[in-house]
Amino acid sequence: MPDLPRIPIGEWARQFINLLRRELSAVFDVIGAVLDTLIGWLATVLLWPHPLLFALLAGLLGLWLRGWRFGLFSSLSFLLIESMGFWVSTMQTLALVLVATLLAVIIGVPTGILAARSRGMSASVRPVLDLMQTLPAFVYLIPAVMLFSIGTVPGLIATLVFAIPPGVRLTELGIRQVDPEVVEAARAFGASRNQVLTRVQIPLAMPTIMQGVNQVIMLALSMVVIAGMIGAGGLGEDVFRGITRLQIGLGVESGLAVVIIAIFLDRITSFMRDRALDLD
């Protein structure tokens with residue numbers, strides 16, 4: 001039985017990346033510089049207060065949002081991070097996650113809204129989201145490194161690609177789940193299509209959208225180790241160093257710092273989701 005002809009998909013991908021590097025290198029340099037500056041600026045802001053002051057502010061925020069137990073947990077958790085010696089790495093990771101989350105929301109929420117309003121857009125976006133969620137992260141790290149070199153930016157790009165899908169999917173779901181009778185009532189009172197979207201659909205879908213933001217943050221944090229492998233710094237680099245050198249203590253402590261950030265951000269976004277439910 002004759003062998004099937006080989007389809008050179010990998011070669012096409014290599015040629016496409018080389019084309020981008022050759023024709024748009026200046027554009028990628030500008031994008032990389034802007035993203036690197038943004039992450040560096042945010043990390044500087046987070047590192048500006050003394051760790052004790054930061055822990056106090058985190059505790060007060062937790063107290064205001066979820067009560068004294070979470071406030072106490074927040075303060076003690078960040079003090080634990082400082083006592084383990086991972087403060088700088090933690091703030092670098094937090095800056096990376098916050099920037100990735102911001103970009104994912106800016107891209108994902110409007111895309112989800114468009115997908116909810118257009119079945120053609122939804123059908124077009126769905127396979128792309130499936131690809132982004134199922135393609136191993138190491139695969140799209142390769143073009144990210146080729147286009148942006150080693151450092152924080154390719155780690156951010158990989159994190160962004162991995163974290164966007166739940167923001168898109170849950171935004172679309174939230175908009176589609178709004179009661180059609182409520183939408184028809186708004187239109188009957190003379191509301192335009194954009195007014196229905198901004199004053200009816202988005203407010204009613206906000207709990208689901210905030211759940212999507214929560215998932216974006218969790219997925220972004222799950223990528224910090226992979227981002228650390230390509231020089232993104234932060235806790236991912238510490239975890240990776242602990243793995244490669246078989247330093248159990250380093251791996252456990254840096255992993256614990258990641259868990260603390262995840263719990264802190266998860267509780268904050270959960271509060272925002274619950275608040276949206278109460279307003280609903």
# chains A, B, ... in the order shown; residues from 1 in each chain; ligands from 1
>>> closest_atom_pairs(of="region 186-267 of chain A", to="region 108-115 of chain A", cutoff="12 Å", atoms="only C-alpha atoms", output="Markdown table")
| residue | atom | partner | partner_atom | distance |
| --- | --- | --- | --- | --- |
| A:Asn194 | CA | A:Ile113 | CA | 11.3 |
| A:Leu197 | CA | A:Ile113 | CA | 8.8 |
| A:Thr198 | CA | A:Ile113 | CA | 10.6 |
| A:Gln201 | CA | A:Ile113 | CA | 9.7 |
| A:Ile202 | CA | A:Ile113 | CA | 8.8 |
| A:Ala205 | CA | A:Ile113 | CA | 10.4 |
| A:Met206 | CA | A:Val109 | CA | 10.7 |
| A:Thr208 | CA | A:Val109 | CA | 11.2 |
| A:Ile209 | CA | A:Val109 | CA | 7.8 |
| A:Met210 | CA | A:Val109 | CA | 10.2 |
| A:Gln211 | CA | A:Val109 | CA | 11.9 |
| A:Gly212 | CA | A:Val109 | CA | 9.0 |
| A:Val213 | CA | A:Val109 | CA | 9.2 |
| A:Val216 | CA | A:Gly108 | CA | 9.7 |
>>> residues_around(residues="Val178 (chain A)", least_positions_apart="2", cutoff="7 Å", atoms="only C-alpha atoms", output="list in words")
Gly174, Ile175, Arg176, Pro180, Gln201, Leu204 and Ala205 of chain A
>>> closest_residue(among="A:Phe240, A:Val168, A:Leu221, A:Asp266", to="Phe70 (chain A)", atoms="only C-alpha atoms")
A:Asp266
>>> atom_distance(atom1="CA of Ile106 (chain A)", atom2="CA of Leu129 (chain A)")
15.9 Å
>>> residues_around(residues="Leu250 (chain A)", least_positions_apart="5", cutoff="8 Å", atoms="only C-alpha atoms", output="NGL selection string")
:A and (238-239 or 241-242)
>>> closest_residue(among="A:Leu173, A:Leu79, A:Leu24, A:Val224", to="Ala116 (chain A)", atoms="only C-alpha atoms")
A:Leu173
>>> residues_around(residues="Thr152 (chain A)", least_positions_apart="6", cutoff="8 Å", atoms="only C-alpha atoms", output="ChimeraX atom specification")
/A:36,227,230-233
>>> atom_distance(atom1="CA of Pro166 (chain A)", atom2="CA of Val153 (chain A)")
21.6 Å
>>> closest_residue(among="A:Leu56, A:Met218, A:Leu20, A:Val97", to="Ser77 (chain A)", atoms="only C-alpha atoms")
A:Leu56
>>> atom_distance(atom1="CA of Phe54 (chain A)", atom2="CA of Trp41 (chain A)")
17.0 Å
>>> closest_residue(among="A:Ser118, A:Ser25, A:Gln92, A:Thr134", to="Pro165 (chain A)", atoms="only C-alpha atoms")
A:Thr134
